[in-house]
$ cat work-v1.cif   # mmCIF, C-alpha atoms
data_query
#
loop_
_atom_site.label_atom_id
_atom_site.label_comp_id
_atom_site.auth_asym_id
_atom_site.auth_seq_id
_atom_site.Cartn_x
_atom_site.Cartn_y
_atom_site.Cartn_z
CA MET J 189 0.00 0.00 0.00
CA LEU J 190 2.79 2.43 0.94
CA LYS J 191 6.38 2.37 -0.20
CA ILE J 192 8.85 4.77 1.38
CA GLY J 193 12.17 4.94 -0.47
CA SER J 194 15.35 6.71 0.71
CA LEU J 195 13.36 9.51 2.31
CA GLU J 196 15.38 12.56 3.35
CA LYS J 197 14.22 15.70 5.10
CA LYS J 198 16.48 18.67 5.82
CA TYR J 199 14.97 21.80 7.34
CA PRO J 200 16.22 25.32 6.52
CA ASN J 201 17.73 25.59 10.02
CA GLY J 202 20.07 22.72 9.15
CA CYS J 203 18.22 19.99 11.07
CA HIS J 204 18.58 16.69 9.20
CA ALA J 205 15.36 15.01 10.42
CA LEU J 206 15.23 11.97 8.10
CA LYS J 207 18.26 10.20 6.64
CA GLY J 208 17.51 7.67 3.92
CA VAL J 209 14.44 6.09 5.52
CA SER J 210 13.01 3.15 3.53
CA PHE J 211 10.21 0.70 4.37
CA ASP J 212 6.97 -0.77 3.00
CA VAL J 213 3.53 -0.84 4.61
CA GLU J 214 1.10 -3.64 3.81
CA LYS J 215 -2.66 -3.13 3.70
CA GLY J 216 -4.26 -3.84 7.09
CA GLU J 217 -1.15 -3.36 9.21
CA PHE J 218 -1.07 -1.57 12.54
CA LEU J 219 2.44 -0.20 12.22
CA VAL J 220 3.90 1.70 15.16
CA ILE J 221 6.85 4.08 14.90
CA ILE J 222 8.90 4.51 18.09
CA GLY J 223 11.93 6.53 19.11
CA LEU J 224 13.05 9.43 21.26
CA SER J 225 11.61 12.91 20.81
CA GLY J 226 13.45 14.45 17.86
CA SER J 227 14.15 11.08 16.23
CA GLY J 228 12.08 12.00 13.14
CA LYS J 229 8.76 10.27 13.91
CA SER J 230 6.48 13.27 13.37
CA THR J 231 8.46 14.46 10.35
CA LEU J 232 8.05 11.02 8.79
CA LEU J 233 4.25 11.07 9.09
CA ARG J 234 4.09 14.63 7.78
CA CYS J 235 6.20 13.67 4.76
CA ILE J 236 3.94 10.69 4.03
CA ASN J 237 0.85 12.90 3.68
CA ARG J 238 2.83 15.85 2.29
CA ILE J 239 2.19 18.32 5.10
CA HIS J 240 5.97 18.62 4.76
CA ASP J 241 7.70 18.12 1.42
CA PRO J 242 10.59 15.64 1.56
CA THR J 243 13.99 16.96 0.53
CA SER J 244 14.51 13.82 -1.55
CA GLY J 245 13.30 10.24 -1.80
CA VAL J 246 9.99 8.70 -2.79
CA VAL J 247 6.58 8.12 -1.21
CA GLU J 248 4.42 5.73 -3.24
CA PHE J 249 0.77 5.26 -2.32
CA ASN J 250 -1.10 2.42 -4.05
CA GLY J 251 1.60 2.30 -6.70
CA LYS J 252 1.59 6.05 -7.45
CA ASN J 253 4.46 8.39 -6.65
CA ILE J 254 2.92 11.20 -4.57
CA THR J 255 6.22 12.83 -3.61
CA SER J 256 5.98 15.85 -5.90
CA ILE J 257 2.33 15.99 -7.03
CA LYS J 258 0.40 19.22 -6.45
CA GLY J 259 -3.06 20.75 -6.65
CA LYS J 260 -5.98 18.45 -7.37
CA GLU J 261 -3.78 15.35 -7.56
CA LEU J 262 -2.39 16.03 -4.09
CA ARG J 263 -5.85 16.72 -2.62
CA GLU J 264 -7.13 13.43 -4.04
CA ALA J 265 -4.20 11.49 -2.57
CA ARG J 266 -4.58 13.19 0.82
CA SER J 267 -8.29 12.40 0.89
CA LYS J 268 -7.36 8.75 1.36
CA ILE J 269 -4.79 9.45 4.09
CA GLY J 270 -6.39 10.55 7.36
CA MET J 271 -4.37 12.24 10.12
CA ILE J 272 -4.82 12.44 13.90
CA PHE J 273 -2.72 14.87 15.93
CA GLN J 274 -1.56 14.91 19.54
CA HIS J 275 -3.43 18.13 20.33
CA PHE J 276 -6.76 17.20 18.69
CA ASN J 277 -7.03 20.40 16.52
CA LEU J 278 -10.78 20.73 17.07
CA ILE J 279 -12.91 23.88 16.89
CA PRO J 280 -13.52 24.37 20.64
CA ARG J 281 -16.81 26.30 20.46
CA ARG J 282 -18.44 24.09 17.87
CA SER J 283 -20.35 20.88 18.47
CA VAL J 284 -19.04 17.35 18.09
CA LEU J 285 -21.17 16.95 14.95
CA VAL J 286 -19.79 20.10 13.30
CA ASN J 287 -16.21 19.12 14.14
CA VAL J 288 -16.69 15.67 12.62
CA LEU J 289 -18.31 17.17 9.51
CA THR J 290 -15.19 19.26 8.87
CA GLY J 291 -13.59 15.99 7.81
CA LYS J 292 -15.49 16.51 4.55
CA MET J 293 -13.62 19.75 3.81
CA ALA J 294 -11.41 18.19 1.15
CA LYS J 295 -14.50 17.03 -0.72
CA LEU J 296 -16.72 20.09 -0.19
CA GLY J 297 -14.14 22.86 -0.29
CA LEU J 298 -13.31 25.52 2.29
CA ILE J 299 -16.17 27.95 1.59
CA LYS J 300 -18.97 25.36 1.79
CA SER J 301 -17.43 23.93 4.97
CA ILE J 302 -17.21 27.37 6.63
CA LEU J 303 -20.83 28.08 5.69
CA GLY J 304 -21.91 24.67 6.97
CA LEU J 305 -23.43 23.60 3.67
CA TYR J 306 -23.51 19.91 4.50
CA SER J 307 -26.02 17.53 2.99
CA GLU J 308 -28.31 15.29 5.02
CA GLU J 309 -26.25 12.37 3.72
CA ASP J 310 -23.10 13.98 5.13
CA LYS J 311 -24.79 14.49 8.50
CA LYS J 312 -25.99 10.89 8.56
CA GLU J 313 -22.47 9.69 7.80
CA ALA J 314 -21.05 11.90 10.57
CA LEU J 315 -23.48 10.39 13.08
CA GLU J 316 -22.31 6.92 12.03
CA LYS J 317 -18.64 7.88 12.60
CA ILE J 318 -19.51 9.37 15.99
CA LYS J 319 -21.15 6.07 16.93
CA ILE J 320 -18.06 4.12 15.84
CA VAL J 321 -15.90 6.00 18.37
CA GLY J 322 -18.42 5.56 21.18
CA LEU J 323 -19.71 9.15 21.39
CA GLU J 324 -23.32 8.55 20.46
CA GLY J 325 -25.45 11.08 22.38
CA LYS J 326 -22.66 13.69 22.43
CA GLU J 327 -23.37 15.04 18.93
CA ASN J 328 -24.52 18.49 20.10
CA VAL J 329 -22.02 18.92 22.94
CA ARG J 330 -19.35 21.59 22.41
CA ALA J 331 -15.88 20.16 21.85
CA ASP J 332 -14.39 22.18 24.71
CA ASN J 333 -16.83 20.56 27.14
CA LEU J 334 -15.43 17.09 26.47
CA SER J 335 -12.60 15.27 28.24
CA GLY J 336 -9.24 14.90 26.49
CA GLY J 337 -9.95 11.30 25.54
CA GLN J 338 -13.36 12.21 24.13
CA GLN J 339 -11.83 15.06 22.11
CA GLN J 340 -9.28 12.68 20.61
CA ARG J 341 -12.10 10.30 19.67
CA VAL J 342 -13.85 13.22 17.92
CA SER J 343 -10.67 13.80 15.92
CA ILE J 344 -10.64 10.10 14.97
CA ALA J 345 -14.28 10.35 13.80
CA ARG J 346 -13.37 13.47 11.81
CA ALA J 347 -10.54 11.62 10.07
CA LEU J 348 -12.90 8.72 9.30
CA MET J 349 -15.16 11.15 7.38
CA GLN J 350 -12.53 11.02 4.64
CA ASN J 351 -13.10 7.25 4.39
CA PRO J 352 -9.32 6.86 4.49
CA GLU J 353 -7.37 3.82 3.44
CA VAL J 354 -4.54 4.84 5.77
CA LEU J 355 -4.81 6.58 9.14
CA LEU J 356 -1.72 8.39 10.44
CA ALA J 357 -1.73 9.01 14.21
CA ASP J 358 0.96 11.34 15.56
CA GLU J 359 1.38 10.69 19.30
CA PRO J 360 -2.42 10.33 19.73
CA VAL J 361 -2.22 9.53 23.47
CA ALA J 362 0.76 11.64 24.54
CA SER J 363 -1.40 14.18 26.39
CA LEU J 364 -3.80 11.64 27.93
CA ASP J 365 -3.82 9.72 31.21
CA PRO J 366 -3.14 5.94 31.17
CA ALA J 367 -6.77 4.75 31.31
CA THR J 368 -7.82 7.16 28.57
CA SER J 369 -4.81 6.18 26.48
CA HIS J 370 -6.03 2.59 26.29
CA SER J 371 -9.53 3.76 25.38
CA VAL J 372 -8.24 5.77 22.41
CA MET J 373 -5.90 2.95 21.32
CA GLN J 374 -8.77 0.46 21.46
CA TYR J 375 -10.80 2.59 19.04
CA LEU J 376 -7.83 2.80 16.67
CA GLU J 377 -7.51 -0.99 16.92
CA LYS J 378 -11.23 -1.37 16.19
CA ILE J 379 -10.95 0.81 13.08
CA ASN J 380 -7.96 -1.21 11.95
CA LYS J 381 -9.43 -4.67 12.53
CA GLU J 382 -13.15 -4.16 11.87
CA TYR J 383 -13.01 -1.57 9.09
CA GLY J 384 -9.74 -2.57 7.41
CA VAL J 385 -8.06 0.82 7.75
CA THR J 386 -4.26 0.62 7.77
CA VAL J 387 -2.87 2.49 10.81
CA ILE J 388 0.57 4.07 11.18
CA CYS J 389 0.97 5.39 14.71
CA ASN J 390 3.76 7.18 16.59
CA LEU J 391 3.97 6.07 20.23
CA HIS J 392 6.30 6.46 23.22
CA PHE J 393 5.14 3.71 25.60
CA LEU J 394 6.33 0.20 24.75
CA SER J 395 3.53 -1.36 26.80
CA LEU J 396 1.05 0.13 24.32
CA VAL J 397 3.26 -0.87 21.39
CA ARG J 398 3.35 -4.50 22.50
CA GLN J 399 -0.42 -4.62 22.94
CA TYR J 400 -1.57 -2.93 19.72
CA ALA J 401 1.17 -3.04 17.06
CA THR J 402 1.46 -5.74 14.42
CA ARG J 403 4.91 -4.40 13.45
CA VAL J 404 7.33 -1.83 14.81
CA ILE J 405 9.88 0.52 13.26
CA ALA J 406 12.30 2.41 15.52
CA LEU J 407 13.95 5.67 14.47
CA LYS J 408 17.09 7.13 16.00
CA ASN J 409 18.59 10.39 14.75
CA GLY J 410 16.49 10.17 11.60
CA GLU J 411 17.50 6.61 10.69
CA ILE J 412 15.79 3.24 11.06
CA VAL J 413 17.58 1.18 13.72
CA PHE J 414 14.97 -1.56 14.20
CA GLN J 415 12.20 -3.27 12.20
CA GLY J 416 10.32 -6.26 13.55
CA GLY J 417 7.59 -7.56 15.79
CA PRO J 418 6.73 -5.78 19.04
CA LYS J 419 7.77 -8.77 21.16
CA GLU J 420 11.27 -8.67 19.64
CA ILE J 421 12.07 -5.43 21.50
CA ASN J 422 14.02 -6.85 24.44
CA ASP J 423 16.15 -4.94 26.95
CA THR J 424 19.09 -4.82 24.56
CA TRP J 425 17.03 -3.27 21.78
CA PHE J 426 15.36 -0.90 24.25
CA LYS J 427 18.78 0.46 25.28
CA GLU J 428 19.85 0.68 21.63
CA ILE J 429 16.76 2.69 20.69
CA TYR J 430 16.40 4.91 23.78
CA GLY J 431 19.90 5.00 25.28
CA GLU J 432 21.71 3.27 28.14
CA GLU J 433 20.19 5.55 30.80
CA ALA J 434 16.59 5.07 29.65
CA VAL J 435 14.04 3.38 31.92
CA GLU J 436 10.86 1.86 30.51
CA VAL J 437 7.60 3.34 31.78
CA THR J 438 4.57 1.03 31.60
CA ILE J 439 0.94 1.99 31.03
CA ASN J 440 -1.31 -0.66 32.55
#
$ encode --input "work-v1.cif" --output "C-alpha cells"
Amino acid sequence: MLKIGSLEKKYPNGCHALKGVSFDVEKGEFLVIIGLSGSGKSTLLRCINRIHDPTSGVVEFNGKNITSIKGKELREARSKIGMIFQHFNLIPRRSVLVNVLTGKMAKLGLIKSILGLYSEEDKKEALEKIKIVGLEGKENVRADNLSGGQQQRVSIARALMQNPEVLLADEPVASLDPATSHSVMQYLEKINKEYGVTVICNLHFLSLVRQYATRVIALKNGEIVFQGGPKEINDTWFKEIYGEEAVEVTIN
C-alpha cells in the first residue's frame, strides 16, 4: 500500500530530520513508529501525507508516486490518508457533529465547509462515525466541554469522514492519562481490525506498542535502527533505541 524509499528531510535551520528512511507498509497493518523525541517520527508522518515536502526520496501510495504531485492530484491522494494529531485540533466552540463534519472539507471545499453547507447524507455519515468512536449522544455537545480522551475520539471520527485507506496518528495519546490512552488505542484498533483501515501510529510507551502493534519501526537520529515484531524489542534493543540511561515506563 505504501512504499517509502530513501526519504530525506532537511529543514532550513540545518536539522537533518530523516536520513535515507526506507520501508513498505502492507494493507491492514497496525504499524507503530517509536523513538526518542526528535528522532524523526512526526516528520516522517508529515512527509507521508505531504504536510511537509521531503527533501529527496519517494513516497508511493497504491503504486503512485505522490512525492511531488500538487493541486488536485495532491488533494485526491490526501483524501485517502487521514491524520490524527496529539493536540486534537478541534474547533472548541463548535459541536461534536460540526467538528466531525469538517472531515469533509477536502471534498466540499473551504467555503462550503465554513458556511456549513452539509447535505443530510453527510450528517448521517457523521453520526455513524460518531457512533463508531463511542460518542453517540454527544453530537450536540461543544468540543471544549469534552474530556481529552473524548476530544481525541472526535478527531478520529473526523478523520474517518474522509473514508481513508490509511490513518496516520501522531502521538495520539501523549497528552492523555493511562486509562484514557487505552480507550483511544482500542478505538484505533477497532478501526484497523473491523473496518480494514491501515494504521501508522507514533507512540512512546512500549507497553502500548506491544499490545496494539502488528509491526514496529524504531527511528534514531532520523535513521531506522529496528524493524520487527513488538515482542522482539528486548532490553538490549530498548537500550539501543532509547539510550543506556533510559528506563521503561509502563501503562497498565
$ residues_around --input "work-v1.cif" --residues "segment 190-205 of chain J" --least-positions-apart "5" --cutoff "12 Å" --atoms "only C-alpha atoms" --output "VMD selection string"
chain J and resid 210 to 217 219 225 to 238 240 to 255 265 268 to 269 353 to 355 386 to 388 407 to 412
$ write_last_selection --input "work-v1.cif" --atoms "C-alpha atoms" --output "CSV table (one decimal), in the coordinates of the input"
chain,number,residue,atom,x,y,z
J,210,SER,CA,13.0,3.2,3.5
J,211,PHE,CA,10.2,0.7,4.4
J,212,ASP,CA,7.0,-0.8,3.0
J,213,VAL,CA,3.5,-0.8,4.6
J,214,GLU,CA,1.1,-3.6,3.8
J,215,LYS,CA,-2.7,-3.1,3.7
J,216,GLY,CA,-4.3,-3.8,7.1
J,217,GLU,CA,-1.2,-3.4,9.2
J,219,LEU,CA,2.4,-0.2,12.2
J,225,SER,CA,11.6,12.9,20.8
J,226,GLY,CA,13.4,14.4,17.9
J,227,SER,CA,14.2,11.1,16.2
J,228,GLY,CA,12.1,12.0,13.1
J,229,LYS,CA,8.8,10.3,13.9
J,230,SER,CA,6.5,13.3,13.4
J,231,THR,CA,8.5,14.5,10.4
J,232,LEU,CA,8.0,11.0,8.8
J,233,LEU,CA,4.2,11.1,9.1
J,234,ARG,CA,4.1,14.6,7.8
J,235,CYS,CA,6.2,13.7,4.8
J,236,ILE,CA,3.9,10.7,4.0
J,237,ASN,CA,0.8,12.9,3.7
J,238,ARG,CA,2.8,15.8,2.3
J,240,HIS,CA,6.0,18.6,4.8
J,241,ASP,CA,7.7,18.1,1.4
J,242,PRO,CA,10.6,15.6,1.6
J,243,THR,CA,14.0,17.0,0.5
J,244,SER,CA,14.5,13.8,-1.6
J,245,GLY,CA,13.3,10.2,-1.8
J,246,VAL,CA,10.0,8.7,-2.8
J,247,VAL,CA,6.6,8.1,-1.2
J,248,GLU,CA,4.4,5.7,-3.2
J,249,PHE,CA,0.8,5.3,-2.3
J,250,ASN,CA,-1.1,2.4,-4.0
J,251,GLY,CA,1.6,2.3,-6.7
J,252,LYS,CA,1.6,6.0,-7.4
J,253,ASN,CA,4.5,8.4,-6.6
J,254,ILE,CA,2.9,11.2,-4.6
J,255,THR,CA,6.2,12.8,-3.6
J,265,ALA,CA,-4.2,11.5,-2.6
J,268,LYS,CA,-7.4,8.8,1.4
J,269,ILE,CA,-4.8,9.4,4.1
J,353,GLU,CA,-7.4,3.8,3.4
J,354,VAL,CA,-4.5,4.8,5.8
J,355,LEU,CA,-4.8,6.6,9.1
J,386,THR,CA,-4.3,0.6,7.8
J,387,VAL,CA,-2.9,2.5,10.8
J,388,ILE,CA,0.6,4.1,11.2
J,407,LEU,CA,14.0,5.7,14.5
J,408,LYS,CA,17.1,7.1,16.0
J,409,ASN,CA,18.6,10.4,14.8
J,410,GLY,CA,16.5,10.2,11.6
J,411,GLU,CA,17.5,6.6,10.7
J,412,ILE,CA,15.8,3.2,11.1
$ resolve_selection --input "work-v1.cif" --expression "the PyMOL selection byres ((chain J and resi 326-330) around 12)" --output "MDAnalysis selection string"
chainID J and resid 278:289 311:312 314:319 321:325 331:335 338:339 341:342 345
$ write_last_selection --input "work-v1.cif" --atoms "C-alpha atoms" --output "mmCIF file, in the coordinates of the input"
data_model
loop_
_atom_site.group_PDB
_atom_site.id
_atom_site.type_symbol
_atom_site.label_atom_id
_atom_site.label_comp_id
_atom_site.auth_asym_id
_atom_site.auth_seq_id
_atom_site.Cartn_x
_atom_site.Cartn_y
_atom_site.Cartn_z
ATOM 1 C CA LEU J 278 -10.780 20.730 17.070
ATOM 2 C CA ILE J 279 -12.910 23.880 16.890
ATOM 3 C CA PRO J 280 -13.520 24.370 20.640
ATOM 4 C CA ARG J 281 -16.810 26.300 20.460
ATOM 5 C CA ARG J 282 -18.440 24.090 17.870
ATOM 6 C CA SER J 283 -20.350 20.880 18.470
ATOM 7 C CA VAL J 284 -19.040 17.350 18.090
ATOM 8 C CA LEU J 285 -21.170 16.950 14.950
ATOM 9 C CA VAL J 286 -19.790 20.100 13.300
ATOM 10 C CA ASN J 287 -16.210 19.120 14.140
ATOM 11 C CA VAL J 288 -16.690 15.670 12.620
ATOM 12 C CA LEU J 289 -18.310 17.170 9.510
ATOM 13 C CA LYS J 311 -24.790 14.490 8.500
ATOM 14 C CA LYS J 312 -25.990 10.890 8.560
ATOM 15 C CA ALA J 314 -21.050 11.900 10.570
ATOM 16 C CA LEU J 315 -23.480 10.390 13.080
ATOM 17 C CA GLU J 316 -22.310 6.920 12.030
ATOM 18 C CA LYS J 317 -18.640 7.880 12.600
ATOM 19 C CA ILE J 318 -19.510 9.370 15.990
ATOM 20 C CA LYS J 319 -21.150 6.070 16.930
ATOM 21 C CA VAL J 321 -15.900 6.000 18.370
ATOM 22 C CA GLY J 322 -18.420 5.560 21.180
ATOM 23 C CA LEU J 323 -19.710 9.150 21.390
ATOM 24 C CA GLU J 324 -23.320 8.550 20.460
ATOM 25 C CA GLY J 325 -25.450 11.080 22.380
ATOM 26 C CA ALA J 331 -15.880 20.160 21.850
ATOM 27 C CA ASP J 332 -14.390 22.180 24.710
ATOM 28 C CA ASN J 333 -16.830 20.560 27.140
ATOM 29 C CA LEU J 334 -15.430 17.090 26.470
ATOM 30 C CA SER J 335 -12.600 15.270 28.240
ATOM 31 C CA GLN J 338 -13.360 12.210 24.130
ATOM 32 C CA GLN J 339 -11.830 15.060 22.110
ATOM 33 C CA ARG J 341 -12.100 10.300 19.670
ATOM 34 C CA VAL J 342 -13.850 13.220 17.920
ATOM 35 C CA ALA J 345 -14.280 10.350 13.800
#
$ atom_distance --input "work-v1.cif" --atom1 "atom CA of Ser371 of chain J" --atom2 "atom CA of Gly337 of chain J"
7.6 Å
$ resolve_selection --input "work-v1.cif" --expression "the PyMOL selection byres ((chain J and resi 357) around 7)" --output "VMD selection string"
chain J and resid 271 to 273 355 to 356 358 to 360 388 to 390
$ atom_distance --input "work-v1.cif" --atom1 "atom CA of Ile379 of chain J" --atom2 "atom CA of Arg398 of chain J"
17.9 Å
$ atom_distance --input "work-v1.cif" --atom1 "atom CA of Gly431 of chain J" --atom2 "atom CA of Phe218 of chain J"
25.4 Å
$ closest_residue --input "work-v1.cif" --among "J:Leu206, J:Ile222, J:Leu262, J:Ile344" --to "Pro418 of chain J" --atoms "all atoms listed in the file"
J:Ile222
$ residues_around --input "work-v1.cif" --residues "Val397 of chain J" --least-positions-apart "3" --cutoff "7 Å" --atoms "all atoms listed in the file" --output "list in words"
Val220, Phe393, Leu394, Tyr400, Ala401 and Pro418 of chain J
$ resolve_selection --input "work-v1.cif" --expression "the PyMOL selection byres ((chain J and resi 415) around 7)" --output "PyMOL selection string"
chain J and resi 404-406+414+416
$ write_last_selection --input "work-v1.cif" --atoms "C-alpha atoms" --output "CSV table (one decimal), in the frame of the given file"
chain,number,residue,atom,x,y,z
J,404,VAL,CA,7.3,-1.8,14.8
J,405,ILE,CA,9.9,0.5,13.3
J,406,ALA,CA,12.3,2.4,15.5
J,414,PHE,CA,15.0,-1.6,14.2
J,416,GLY,CA,10.3,-6.3,13.6
$ closest_residue --input "work-v1.cif" --among "J:Glu308, J:Glu377, J:Asp365, J:Glu313" --to "Gly336 of chain J" --atoms "all atoms listed in the file"
J:Asp365
$ closest_residue --input "work-v1.cif" --among "J:Lys292, J:Lys207, J:Lys260, J:Lys381" --to "Val413 of chain J" --atoms "only C-alpha atoms"
J:Lys207
$ decode --input "work-v1.cif" --residues "segment 279-289 of chain J" --atoms "all heavy atoms" --output "PDB file, in the first residue's frame"
ATOM      1  N   ILE J 279     -12.373  22.530  16.740  1.00  0.00           N
ATOM      2  CA  ILE J 279     -12.909  23.881  16.887  1.00  0.00           C
ATOM      3  C   ILE J 279     -13.623  23.907  18.236  1.00  0.00           C
ATOM      4  O   ILE J 279     -14.719  23.340  18.372  1.00  0.00           O
ATOM      5  CB  ILE J 279     -13.886  24.229  15.753  1.00  0.00           C
ATOM      6  CG1 ILE J 279     -13.250  23.942  14.385  1.00  0.00           C
ATOM      7  CG2 ILE J 279     -14.309  25.703  15.838  1.00  0.00           C
ATOM      8  CD1 ILE J 279     -14.226  24.005  13.224  1.00  0.00           C
ATOM      9  N   PRO J 280     -13.029  24.531  19.266  1.00  0.00           N
ATOM     10  CA  PRO J 280     -13.517  24.369  20.644  1.00  0.00           C
ATOM     11  C   PRO J 280     -14.983  24.738  20.842  1.00  0.00           C
ATOM     12  O   PRO J 280     -15.698  24.060  21.581  1.00  0.00           O
ATOM     13  CB  PRO J 280     -12.608  25.305  21.453  1.00  0.00           C
ATOM     14  CG  PRO J 280     -11.387  25.470  20.620  1.00  0.00           C
ATOM     15  CD  PRO J 280     -11.849  25.399  19.202  1.00  0.00           C
ATOM     16  N   ARG J 281     -15.457  25.798  20.203  1.00  0.00           N
ATOM     17  CA  ARG J 281     -16.809  26.303  20.465  1.00  0.00           C
ATOM     18  C   ARG J 281     -17.881  25.646  19.598  1.00  0.00           C
ATOM     19  O   ARG J 281     -19.063  25.984  19.717  1.00  0.00           O
ATOM     20  CB  ARG J 281     -16.844  27.826  20.258  1.00  0.00           C
ATOM     21  CG  ARG J 281     -15.987  28.595  21.247  1.00  0.00           C
ATOM     22  CD  ARG J 281     -15.959  30.087  20.904  1.00  0.00           C
ATOM     23  NE  ARG J 281     -15.150  30.829  21.854  1.00  0.00           N
ATOM     24  CZ  ARG J 281     -15.620  31.395  22.963  1.00  0.00           C
ATOM     25  NH1 ARG J 281     -16.902  31.298  23.265  1.00  0.00           N
ATOM     26  NH2 ARG J 281     -14.818  32.069  23.769  1.00  0.00           N
ATOM     27  N   ARG J 282     -17.467  24.757  18.734  1.00  0.00           N
ATOM     28  CA  ARG J 282     -18.442  24.090  17.869  1.00  0.00           C
ATOM     29  C   ARG J 282     -18.754  22.698  18.395  1.00  0.00           C
ATOM     30  O   ARG J 282     -17.989  22.101  19.139  1.00  0.00           O
ATOM     31  CB  ARG J 282     -17.929  24.013  16.421  1.00  0.00           C
ATOM     32  CG  ARG J 282     -17.552  25.348  15.814  1.00  0.00           C
ATOM     33  CD  ARG J 282     -18.653  26.400  15.889  1.00  0.00           C
ATOM     34  NE  ARG J 282     -19.818  26.038  15.113  1.00  0.00           N
ATOM     35  CZ  ARG J 282     -19.975  26.363  13.830  1.00  0.00           C
ATOM     36  NH1 ARG J 282     -19.045  27.038  13.179  1.00  0.00           N
ATOM     37  NH2 ARG J 282     -21.082  26.025  13.188  1.00  0.00           N
ATOM     38  N   SER J 283     -19.886  22.179  17.970  1.00  0.00           N
ATOM     39  CA  SER J 283     -20.353  20.882  18.465  1.00  0.00           C
ATOM     40  C   SER J 283     -19.514  19.727  17.934  1.00  0.00           C
ATOM     41  O   SER J 283     -18.756  19.877  16.961  1.00  0.00           O
ATOM     42  CB  SER J 283     -21.813  20.668  18.067  1.00  0.00           C
ATOM     43  OG  SER J 283     -21.908  20.470  16.660  1.00  0.00           O
ATOM     44  N   VAL J 284     -19.683  18.576  18.569  1.00  0.00           N
ATOM     45  CA  VAL J 284     -19.036  17.350  18.093  1.00  0.00           C
ATOM     46  C   VAL J 284     -19.416  17.095  16.635  1.00  0.00           C
ATOM     47  O   VAL J 284     -18.557  16.808  15.789  1.00  0.00           O
ATOM     48  CB  VAL J 284     -19.442  16.153  18.975  1.00  0.00           C
ATOM     49  CG1 VAL J 284     -19.014  14.831  18.343  1.00  0.00           C
ATOM     50  CG2 VAL J 284     -18.843  16.288  20.369  1.00  0.00           C
ATOM     51  N   LEU J 285     -20.698  17.218  16.311  1.00  0.00           N
ATOM     52  CA  LEU J 285     -21.172  16.952  14.953  1.00  0.00           C
ATOM     53  C   LEU J 285     -20.494  17.861  13.943  1.00  0.00           C
ATOM     54  O   LEU J 285     -20.018  17.392  12.897  1.00  0.00           O
ATOM     55  CB  LEU J 285     -22.691  17.125  14.877  1.00  0.00           C
ATOM     56  CG  LEU J 285     -23.339  16.873  13.504  1.00  0.00           C
ATOM     57  CD1 LEU J 285     -23.088  15.437  13.057  1.00  0.00           C
ATOM     58  CD2 LEU J 285     -24.833  17.169  13.565  1.00  0.00           C
ATOM     59  N   VAL J 286     -20.414  19.149  14.234  1.00  0.00           N
ATOM     60  CA  VAL J 286     -19.792  20.098  13.298  1.00  0.00           C
ATOM     61  C   VAL J 286     -18.310  19.781  13.135  1.00  0.00           C
ATOM     62  O   VAL J 286     -17.768  19.803  12.012  1.00  0.00           O
ATOM     63  CB  VAL J 286     -19.989  21.551  13.776  1.00  0.00           C
ATOM     64  CG1 VAL J 286     -19.118  22.513  12.964  1.00  0.00           C
ATOM     65  CG2 VAL J 286     -21.452  21.948  13.671  1.00  0.00           C
ATOM     66  N   ASN J 287     -17.632  19.461  14.235  1.00  0.00           N
ATOM     67  CA  ASN J 287     -16.213  19.119  14.142  1.00  0.00           C
ATOM     68  C   ASN J 287     -15.984  17.888  13.278  1.00  0.00           C
ATOM     69  O   ASN J 287     -15.045  17.845  12.481  1.00  0.00           O
ATOM     70  CB  ASN J 287     -15.631  18.900  15.545  1.00  0.00           C
ATOM     71  CG  ASN J 287     -15.117  20.169  16.177  1.00  0.00           C
ATOM     72  OD1 ASN J 287     -14.032  20.651  15.844  1.00  0.00           O
ATOM     73  ND2 ASN J 287     -15.897  20.736  17.084  1.00  0.00           N
ATOM     74  N   VAL J 288     -16.829  16.889  13.422  1.00  0.00           N
ATOM     75  CA  VAL J 288     -16.688  15.671  12.623  1.00  0.00           C
ATOM     76  C   VAL J 288     -16.978  15.973  11.150  1.00  0.00           C
ATOM     77  O   VAL J 288     -16.284  15.479  10.254  1.00  0.00           O
ATOM     78  CB  VAL J 288     -17.606  14.558  13.155  1.00  0.00           C
ATOM     79  CG1 VAL J 288     -17.598  13.346  12.224  1.00  0.00           C
ATOM     80  CG2 VAL J 288     -17.172  14.139  14.562  1.00  0.00           C
ATOM     81  N   LEU J 289     -17.969  16.808  10.892  1.00  0.00           N
ATOM     82  CA  LEU J 289     -18.314  17.165   9.513  1.00  0.00           C
ATOM     83  C   LEU J 289     -17.180  17.883   8.789  1.00  0.00           C
ATOM     84  O   LEU J 289     -17.076  17.803   7.564  1.00  0.00           O
ATOM     85  CB  LEU J 289     -19.569  18.037   9.492  1.00  0.00           C
ATOM     86  CG  LEU J 289     -20.898  17.293   9.669  1.00  0.00           C
ATOM     87  CD1 LEU J 289     -22.017  18.262   9.988  1.00  0.00           C
ATOM     88  CD2 LEU J 289     -21.245  16.484   8.412  1.00  0.00           C
TER      89      LEU J 289
END
